[in-house]
Amino acid sequence: MTKIAELNEIDEIADGDLIYVRDVSDPAKPDKKAPSSKVRPAGARITNHFRFAGNVAIAALAAGVEVDATVTVTGAVIRHASFDIQPPASIAVLSTRVSANDTLSIRFRNLHASSAYAGGNVAYVALVSRSV
């Protein structure tokens with residue numbers, strides 16, 4: 001029989017993890033396992049939020065030109081990520097999207113009519129929300 005004190009503790013339950021159960025109704029074989037989905041009632045959803053902060057490199061932009069930049073955000077999948085940034089003056093964020101798992105793509109545009117943007121790193125915050 002497995003002793004609870006000898007088991008390692010985990011930080012959080014992930015998809016596919018199994019829970020050890022000591023089934024007192026079966027004294028001959030009390031060691032059992034249960035998927036984490038049986039721990040919560042049917043229909044219940046568990047939502048995890050992950051916040052990422054970092055810098056995104058914006059390439060040099062001529063006046064009126066657009067450029068895409070990508071950042072790695074672990075856990076980002078389609079429809080589960082939001083992005084916040086305070087762009088430099090005359091630079092607009094046209095769109096953000098999850099272009100591949102764990103990757104956000106951000107499209108920037110230089111709105112200035114005649115001046116180029118020299119490029120640089122800009123701080124951002126990304127939020128990933130996942131429900132199981």
# chains A, B, ... in the order shown; residues from 1 in each chain; ligands from 1
>>> residues_around(residues="Val128 (chain A)", least_positions_apart="6", cutoff="8 Å", atoms="only C-alpha atoms", output="list of chain:residue names")
A:His49, A:Phe50, A:Arg51, A:Gly75, A:Ala76, A:His80, A:Ala81, A:Ser82
>>> residues_around(residues="Thr72 (chain A)", least_positions_apart="5", cutoff="8 Å", atoms="only C-alpha atoms", output="VMD selection string")
chain A and resid 102 to 104
>>> write_last_selection(atoms="C-alpha atoms", output="tab-separated table (two decimals), in the first residue's frame")
chain	number	residue	atom	x	y	z
A	102	ASP	CA	2.67	30.18	-27.69
A	103	THR	CA	3.23	33.02	-30.18
A	104	LEU	CA	1.52	36.42	-30.38
>>> residues_around(residues="region 30-34 of chain A", least_positions_apart="6", cutoff="9 Å", atoms="only C-alpha atoms", output="PyMOL selection string")
chain A and resi 1-2+17-24
>>> write_last_selection(atoms="N, CA and C atoms", output="PDB file, in the first residue's frame")
ATOM      1  N   MET A   1       0.844  -1.171   0.000  1.00  0.00           N
ATOM      2  CA  MET A   1       0.000   0.000   0.000  1.00  0.00           C
ATOM      3  C   MET A   1       0.896   1.243   0.000  1.00  0.00           C
ATOM      4  N   THR A   2       0.543   2.224  -0.813  1.00  0.00           N
ATOM      5  CA  THR A   2       1.271   3.489  -0.871  1.00  0.00           C
ATOM      6  C   THR A   2       0.985   4.301   0.381  1.00  0.00           C
ATOM      7  N   ASP A  17      -3.459  14.852 -15.360  1.00  0.00           N
ATOM      8  CA  ASP A  17      -2.915  14.356 -14.093  1.00  0.00           C
ATOM      9  C   ASP A  17      -3.901  13.389 -13.448  1.00  0.00           C
ATOM     10  N   LEU A  18      -3.370  12.411 -12.733  1.00  0.00           N
ATOM     11  CA  LEU A  18      -4.199  11.459 -12.002  1.00  0.00           C
ATOM     12  C   LEU A  18      -4.051  11.721 -10.511  1.00  0.00           C
ATOM     13  N   ILE A  19      -5.137  11.558  -9.788  1.00  0.00           N
ATOM     14  CA  ILE A  19      -5.173  11.770  -8.346  1.00  0.00           C
ATOM     15  C   ILE A  19      -5.151  10.404  -7.666  1.00  0.00           C
ATOM     16  N   TYR A  20      -4.288  10.250  -6.657  1.00  0.00           N
ATOM     17  CA  TYR A  20      -4.252   9.011  -5.880  1.00  0.00           C
ATOM     18  C   TYR A  20      -5.442   9.007  -4.926  1.00  0.00           C
ATOM     19  N   VAL A  21      -6.134   7.877  -4.870  1.00  0.00           N
ATOM     20  CA  VAL A  21      -7.294   7.730  -3.983  1.00  0.00           C
ATOM     21  C   VAL A  21      -7.118   6.448  -3.173  1.00  0.00           C
ATOM     22  N   ARG A  22      -7.359   6.537  -1.879  1.00  0.00           N
ATOM     23  CA  ARG A  22      -7.390   5.331  -1.031  1.00  0.00           C
ATOM     24  C   ARG A  22      -8.857   4.976  -0.847  1.00  0.00           C
ATOM     25  N   ASP A  23      -9.285   3.939  -1.538  1.00  0.00           N
ATOM     26  CA  ASP A  23     -10.687   3.527  -1.555  1.00  0.00           C
ATOM     27  C   ASP A  23     -10.977   2.653  -0.338  1.00  0.00           C
ATOM     28  N   VAL A  24     -11.617   3.238   0.679  1.00  0.00           N
ATOM     29  CA  VAL A  24     -11.902   2.489   1.916  1.00  0.00           C
ATOM     30  C   VAL A  24     -12.994   1.446   1.717  1.00  0.00           C
TER      31      VAL A  24
END
>>> select_by_dssp(residues="region 12-100 of chain A", states="strand (DSSP E or B)", output="ChimeraX atom specification")
/A:18-22,31-35,47-58,61,66-72,81-85,91-100
>>> atom_distance(atom1="CA of Gly64 (chain A)", atom2="CA of Val125 (chain A)")
25.6 Å
>>> decode(residues="region 83-102 of chain A", atoms="N, CA and C atoms", output="CSV table (one decimal), in the first residue's frame")
chain,number,residue,atom,x,y,z
A,83,PHE,N,-3.7,41.4,-25.2
A,83,PHE,CA,-2.4,42.0,-25.3
A,83,PHE,C,-2.6,43.5,-25.0
A,84,ASP,N,-1.7,44.1,-24.2
A,84,ASP,CA,-1.8,45.5,-23.9
A,84,ASP,C,-0.4,46.1,-24.0
A,85,ILE,N,-0.3,47.3,-24.7
A,85,ILE,CA,0.9,48.0,-24.9
A,85,ILE,C,0.7,49.4,-25.0
A,86,GLN,N,1.6,50.2,-24.6
A,86,GLN,CA,1.5,51.7,-24.8
A,86,GLN,C,2.6,52.0,-25.9
A,87,PRO,N,2.1,52.1,-27.1
A,87,PRO,CA,3.1,52.3,-28.2
A,87,PRO,C,3.7,53.7,-28.2
A,88,PRO,N,4.8,53.8,-28.8
A,88,PRO,CA,5.5,55.2,-28.9
A,88,PRO,C,4.6,56.1,-29.7
A,89,ALA,N,4.9,57.4,-29.6
A,89,ALA,CA,4.1,58.4,-30.4
A,89,ALA,C,4.1,58.1,-31.9
A,90,SER,N,3.0,58.3,-32.5
A,90,SER,CA,2.8,58.1,-34.0
A,90,SER,C,2.9,56.6,-34.4
A,91,ILE,N,3.0,55.7,-33.4
A,91,ILE,CA,2.9,54.3,-33.8
A,91,ILE,C,1.6,53.7,-33.3
A,92,ALA,N,0.9,53.0,-34.2
A,92,ALA,CA,-0.4,52.4,-33.8
A,92,ALA,C,-0.3,50.9,-33.8
A,93,VAL,N,-1.0,50.3,-32.9
A,93,VAL,CA,-1.2,48.8,-32.9
A,93,VAL,C,-2.4,48.5,-33.7
A,94,LEU,N,-2.2,47.9,-34.9
A,94,LEU,CA,-3.4,47.7,-35.7
A,94,LEU,C,-4.1,46.4,-35.4
A,95,SER,N,-3.3,45.4,-35.0
A,95,SER,CA,-4.0,44.1,-34.6
A,95,SER,C,-3.0,43.3,-33.7
A,96,THR,N,-3.6,42.4,-33.0
A,96,THR,CA,-2.8,41.3,-32.3
A,96,THR,C,-3.6,40.0,-32.5
A,97,ARG,N,-2.8,39.0,-32.6
A,97,ARG,CA,-3.4,37.7,-32.8
A,97,ARG,C,-2.4,36.6,-32.4
A,98,VAL,N,-3.0,35.4,-32.1
A,98,VAL,CA,-2.2,34.3,-31.8
A,98,VAL,C,-1.9,33.6,-33.2
A,99,SER,N,-0.6,33.8,-33.6
A,99,SER,CA,-0.2,33.3,-34.9
A,99,SER,C,0.1,31.8,-34.9
A,100,ALA,N,0.5,31.3,-33.8
A,100,ALA,CA,0.8,29.9,-33.6
A,100,ALA,C,0.8,29.6,-32.1
A,101,ASN,N,0.7,28.4,-31.6
A,101,ASN,CA,0.6,28.1,-30.2
A,101,ASN,C,1.9,28.8,-29.6
A,102,ASP,N,1.6,29.5,-28.5
A,102,ASP,CA,2.7,30.2,-27.7
A,102,ASP,C,3.3,31.4,-28.4
